[in-house]
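Structure record follows, encoded as structure tokens.
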Amino acid sequence: MSLLGGIRPPIAVLSALLLALAALTAFQLGHVGRGAVAPAVLTSQQYFAEDGAIALRASLDESITDISRTAALFSAGEPVSPDSVLDKLGSVYQKWRGTAVVEIASGRLQAQRGENLALTALDLGTLNTPAGLAPRLVRLENGEVRLLTLGLLSWEGRPQQLLIASSSLKVPGVSLGKDRAIAVLDASGQVLGSRGTGSSEREEQQLASFAKSAAQKAKQHPLQSKDPGSGGFAGVSGSLLGDATAGHRSVAGYAKLAGPAPGVGTDATALGLTVVSFVSASEGGLAVTDSFFWIAAAGALLVLGALAVALLVITVQRPLLQLFLESRRIGRGDLHRPVTVPKYAETARIGVALDRLRRQLLGEPGAPADHPRRGRRSRIGTRALVAACAVLLLAWSAPLLLTLNRAGTSAKVPQTIVDDQRERTDTLADRVRRALNEGHADLTSVASVLSAKTGPAEMTAVLERTRSEHARYESLYVLKADGTVMARAGGKPHHAGARKTAREPVTVSDSGNEPLITEYADAPALGGAVVVGELRIDFINALLKRPGMGEVRVVDSKHRVIGSSTGYRAFTGLPDPRLDELVTSANQKSGKGPGPRSSVLRRGATSIAAAAPMTGGGAAQPLEWTVVTLQDAKGLEIPAYTTQNRTVLTGLLGLTCAVACLGWLHIIVVRPLRTLAGRAEALVDGDRRTVLYPTHHDEIGAVTRSLEVIRQQLQEQRKRDAGAADRTPGRAAPAGRN
């Protein structure tokens with residue numbers, strides 16, 4: 001017999017798979033909600049830390065670029081005094097704690113604004129090295145840490161000067177909410193800056209513990225820290241579980257600063273910083289179903305599986321093995337004992353045919369017609385028996401697939417996840433606002449260095465440099481008061497020919513197929529001209545794409561969609577009236593005032609929605625935009641949906657086992673058995689010419705070979721009978737013989 005052929009392997013494999021599935025159901029799949037907190041809460045903290053790392057990296061890189069670009073713009077123009085450089089820098093950007101200009105050759109301080117800078121930490125002799133102007137971290141006497149950003153001021157005929165800006169290491173624009181803290185760590189795990197941490201000793205110890213663990217985990221390679229194909233954040237990130245107190249447990253997320261794409265580093269990522277955020281989450285109360293359900297399901301599977309296997313063994317396997325033994329006995333010539341005919345299906349038909357063939361070999365008169373009539377049970381085909389087994393197994397799998405443990409609209413969503421959705425939406429709104437404000441500040445910086453002596457070629461060079469350093473711009477140009485374009489870089493201007501009128505610093509208009517976001521900065525030295533920057537809408541949409549937030553949209557004051565993380569039609573309304581109500585609530589000026597709002601929507605499907613207006617001032621404030629997020633709870637690892645998914649998985653596994661094994665049985669046994677029954681009956685009815693070839697080397701193949709031996713014996717018997725008839729005395733001579 002072949003290793004995988006025959007009747008035994010499919011039934012044995014089916015039995016083993018059902019036993020394994022029953023054990024898996026009883027002892028493994030039911031362990032849902034047994035952890036301290038839901039896995040979705042841990043994942044949410046990881047996303048929160050990633051948001052902080054992205055915001056910190058973008059802020060640091062923007063600051064570094066602003067200093068180097070400002071120094072380059074001043075160096076390209078006429079020489080100005082150090083005080084003028086710092087005054088213009090301070091009027092455009094208000095994000096540094098202190099600025100200074102130092103003469104490199106002598107080391108003398110030329111000008112200073114804001115707090116005193118730790119200039120003694122700088123080695124001016126190493127500025128000509130490849131990493132001489134790289135930003136660096138400096139720890140002050142009071143223990144605080146500052147980031148020093150450097151730029152080179154160089155004019156022909158004058159000593160070179162060093163432009164220095166100092167900033168603190170705090171994650172900007174991250175909404176913490178209640179009971180949450182965030183900190184910035186260096187490569188050794190030392191806390192460089194924190195926000196939201198209290199003065200209690202427990203919080204300090206918990207932060208120190210998280211910092212040590214996060215710094216250790218951040219040392220691994222990003223490719224080794226994530227599952228293959230997971231995508232998302234390009235750097236090392238994860239979650240940590242802390243201590244428990246009074247029914248609450250500290251949960252943390254960490255993320256190491258990483259570039260915008262895998263393998264792409266920036267000046268900020270070279271600092272080796274890691275962001276850690278942690279919050280207190282409620283413990284317990286997560287289990288949706290108890291263990292009895294899964295044990296009962298495993299017991300039901302054992303009962304139904306035993307019935308199905310017993311049905312196959314009694315009605316298919318044993319009759320076929322018995323038929324195999326009987327056919328071999330008849331083929332060897334043992335014809336005196338009648339054939340034991342099976343009672344069911346095709347094996348009964350073959351057994352009847354085999355007994356008739358035995359009688360024909362014995363030469364009994366009337367053997368072809370004189371045979372037992374098949375009973376009703378023999379009319380039941382093997383396919384019907386296999387189908388009955390499939391029905392038994394489907395009776396167990398179908399309820400699991402379709403009805404049991406459905407989460408519905410009453411699924412419990414942990415409050416921590418709802419709060420995280422709100423705070424992350426607020427963080428995203430601030431990130432969009434900062435991006436627009438930074439863009440306007442860049443235009444203001446460009447406008448401040450343009451003068452009446454600046455020619456069109458020099459203007460174009462400045463615009464090209466600015467556009468290459470910042471990917472947000474589709475087009476940059478200088479527009480005179482009469483609408484004439486003096487210089488441009490990038491795409492074709494949309495506002496060429498328009499006379500200058502009173503306008504907001506940032507405007508939104510309909511360009512025909514997408515929103516057109518335009519920023520304006522006055523250039524006083526050009527007689528009423530303005531520097532215009534048209535932003536790419538893809539730049540705004542890219543800011544909205546964050547994992548774990550679902551669909552993210554930016555809407556204006558009329559609730560029209562301006563940008564989205566997914567496909568959308570510009571200037572259309574929100575898809576759900578409940579989102580409009582949430583946006584209205586978030587922008588209310590009474591009560592608590594404008595602020596982020598969140599809600600769990602349970603009509604149709606359970607979703608988590610949040611809305612956060614862009615507050616905080618700046619050039620983008622008059623836009624009155626609101627960021628709206630909608631996350632389907634079905635995609636979260638919360639106990640209700642995890643139980644539902646595991647229930648469906650269990651049903652799919654049962655269905656797969658039934659289809660695979662019964663399908664295998666149908667191919668190997670049922671179809672060949674039906675074919676063999678027809679050939680056996682044809683042989684009984686007198687078909688001696690059709691040669692019977694075995695299809696498989698199994699029990700059915702052995703019966704086929706035995707029938708072929710019987711066919712050959714019947715042919716020999718027929719020849720002997722014909723020869724004996726020719727030798728009978730008195731037989732008439734054949735016609736045509738003399």
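Residues in the structure tokens are numbered from 1 in each chain, the chains being A, B, ... in the order shown, and ligands are numbered from 1 in the order shown.
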Proximity of region 131-189 of chain A to region 596-614 of chain A: per-residue shortest pair, 12 Å limit, only C-alpha atoms, as CSV:
residue,atom,partner,partner_atom,distance
A:Gly173,CA,A:Met614,CA,11.1
A:Ser175,CA,A:Pro596,CA,9.6
A:Leu176,CA,A:Pro596,CA,11.6
A:Gly177,CA,A:Pro596,CA,9.9
Output file for the residues above (all heavy atoms, as a compact mmCIF listing (two decimals), in the first residue's frame):
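Everything below was put into part_6.txt:
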# COMPACT_ATOMS: atom_id res chain seq x y z
N GLY A 173 4.62 70.14 21.16
CA GLY A 173 3.30 69.93 20.59
C GLY A 173 2.66 68.59 20.88
O GLY A 173 1.75 68.20 20.15
N SER A 175 0.24 66.50 23.08
CA SER A 175 -0.80 66.64 24.09
C SER A 175 -0.76 65.44 25.02
O SER A 175 -0.90 64.30 24.59
CB SER A 175 -2.17 66.75 23.41
OG SER A 175 -3.20 66.85 24.36
N LEU A 176 -0.57 65.69 26.30
CA LEU A 176 -0.39 64.61 27.27
C LEU A 176 -1.68 64.17 27.94
O LEU A 176 -1.83 63.01 28.30
CB LEU A 176 0.62 65.03 28.35
CG LEU A 176 2.03 65.35 27.86
CD1 LEU A 176 2.92 65.72 29.03
CD2 LEU A 176 2.61 64.17 27.10
N GLY A 177 -2.62 65.09 28.11
CA GLY A 177 -3.85 64.72 28.79
C GLY A 177 -3.61 64.51 30.27
O GLY A 177 -2.75 65.14 30.90
Give me the region 379-461 of chain A side of the contact with region 309-325 of chain A, cut-off 10 Å, one line per residue showing its nearest atom pair and distance in Å at one decimal, counting only C-alpha atoms, sorted by chain and residue number, as JSON lines.
{"residue": "A:Thr382", "atom": "CA", "partner": "A:Val316", "partner_atom": "CA", "distance": 7.2}
{"residue": "A:Leu385", "atom": "CA", "partner": "A:Leu312", "partner_atom": "CA", "distance": 7.4}
{"residue": "A:Val386", "atom": "CA", "partner": "A:Leu312", "partner_atom": "CA", "distance": 7.2}
{"residue": "A:Ala388", "atom": "CA", "partner": "A:Leu311", "partner_atom": "CA", "distance": 8.6}
{"residue": "A:Cys389", "atom": "CA", "partner": "A:Leu311", "partner_atom": "CA", "distance": 7.2}
Check which residues of region 347-454 of chain A sit at most 10 Å from region 470-493 of chain A using only C-alpha atoms, and return one row each with the closest pair of atoms and their distance in Å to one decimal, ordered by chain and rising number, as JSON lines.
{"residue": "A:Ala435", "atom": "CA", "partner": "A:Arg472", "partner_atom": "CA", "distance": 8.8}
{"residue": "A:Leu436", "atom": "CA", "partner": "A:Arg472", "partner_atom": "CA", "distance": 9.2}
{"residue": "A:Gly439", "atom": "CA", "partner": "A:Arg472", "partner_atom": "CA", "distance": 7.7}
{"residue": "A:Asp442", "atom": "CA", "partner": "A:His470", "partner_atom": "CA", "distance": 9.1}
{"residue": "A:Leu443", "atom": "CA", "partner": "A:Leu476", "partner_atom": "CA", "distance": 9.0}
{"residue": "A:Ala447", "atom": "CA", "partner": "A:Val478", "partner_atom": "CA", "distance": 8.9}
{"residue": "A:Leu450", "atom": "CA", "partner": "A:Val478", "partner_atom": "CA", "distance": 10.0}
Region 604-705 of chain A residues near region 557-578 of chain A within 9 Å, closest pair each, using only C-alpha atoms, as a Markdown table:
| residue | atom | partner | partner_atom | distance |
| --- | --- | --- | --- | --- |
| A:Leu623 | CA | A:Ser557 | CA | 7.6 |
| A:Glu624 | CA | A:Ser557 | CA | 5.6 |
| A:Trp625 | CA | A:Ser557 | CA | 6.1 |
| A:Thr626 | CA | A:Ser557 | CA | 7.7 |
Which residue gives the smallest distance to Val303 (chain A) among A:Ala49, A:Leu163, A:Ile64, A:Leu19, with only C-alpha atoms counted?
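The closest residue to Val303 (chain A) is A:Leu19.
With distances restricted to only C-alpha atoms, A:Ile417 is the closest residue to Phe48 (chain A) from A:Ala268, A:Leu394, A:Leu516, A:Ile417.
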Within 9 Å of Val462 (chain A), counting only C-alpha atoms, which residues show up once you throw out same-chain ones fewer than 3 positions away? Write them as a VMD selection string, please.
chain A and resid 73 76 446 457 to 459 465 to 467
Can you work out which one of A:Glu204, A:Asp66, A:Glu156, A:Asp426 has the shortest atom-to-atom distance to Pro594 (chain A), counting only C-alpha atoms?
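Closest to Pro594 (chain A), using only C-alpha atoms: A:Asp426.
Closest approach to Val628 (chain A) among A:Gly651, A:Glu423, A:Asp538, A:Arg356 is made by A:Glu423 (distances from only C-alpha atoms).
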From A:Leu335, A:Ser68, A:Val670, A:Lys412, residue lying nearest Ile638 (chain A) [only C-alpha atoms]:
A:Lys412
Would you list, as a PyMOL selection string, the residues of region 203-419 of chain A that end up in helix (DSSP H, G or I) under DSSP run on this structure's backbone?
chain A and resi 203-217+222-225+269-271+291-331+345-362+377-379+382-402+408-410+415-419
Selection near Arg546 (chain A), 12 Å with only C-alpha atoms, sequence-local residues under 6 positions removed, as a list in words:
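The residues that qualify are Ser44, Gln46, Tyr47, Phe48, Glu50, Asp51, Gly52, Ile54, Gly231, Gly232, Phe233, Gln421, Arg424, Thr425, Thr427, Leu428, Arg431, Val552, Arg553, Ser564, Ser565, Thr566, Thr629 and Gln631 of chain A.
CA of Ile330 (chain A) is found 9.2 Å from CA of Val709 (chain A).
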When you draw a straight line from CA of Gly333 (chain A) to CA of Ile710 (chain A), how long is it in Å?
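One can read the CA of Gly333 (chain A) to CA of Ile710 (chain A) distance as 9.0 Å.
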Selection: 10 Å around Thr690 (chain A), only C-alpha atoms, excl. self and same-chain fewer than 6 positions, as an MDAnalysis selection string
chainID A and resid 679 682:683 708 711
Can you tell me how far CA of Gln715 (chain A) sits from CA of Gly331 (chain A), in Å to one decimal?
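Answer for the CA of Gln715 (chain A) to CA of Gly331 (chain A) separation: 13.7 Å.
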Taking only C-alpha atoms into account, name the residue in A:Gly455, A:Gly686, A:Gly701, A:Pro260 that is nearest to Leu357 (chain A).
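Counting only C-alpha atoms, the residue closest to Leu357 (chain A) is A:Gly686.
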Sel. of strand (DSSP E or B) residues, region 240-458 of chain A, as a list in words
Leu240, Leu241, Gly242, Asp243, Ala244, Thr245, His248, Arg249, Ser250, Val251, Ala252, Gly253, Tyr254, Ala255, Lys256, Thr274, Val275, Val276, Ser277, Phe278, Val279, Ser280, Ala281 and Ser282 of chain A
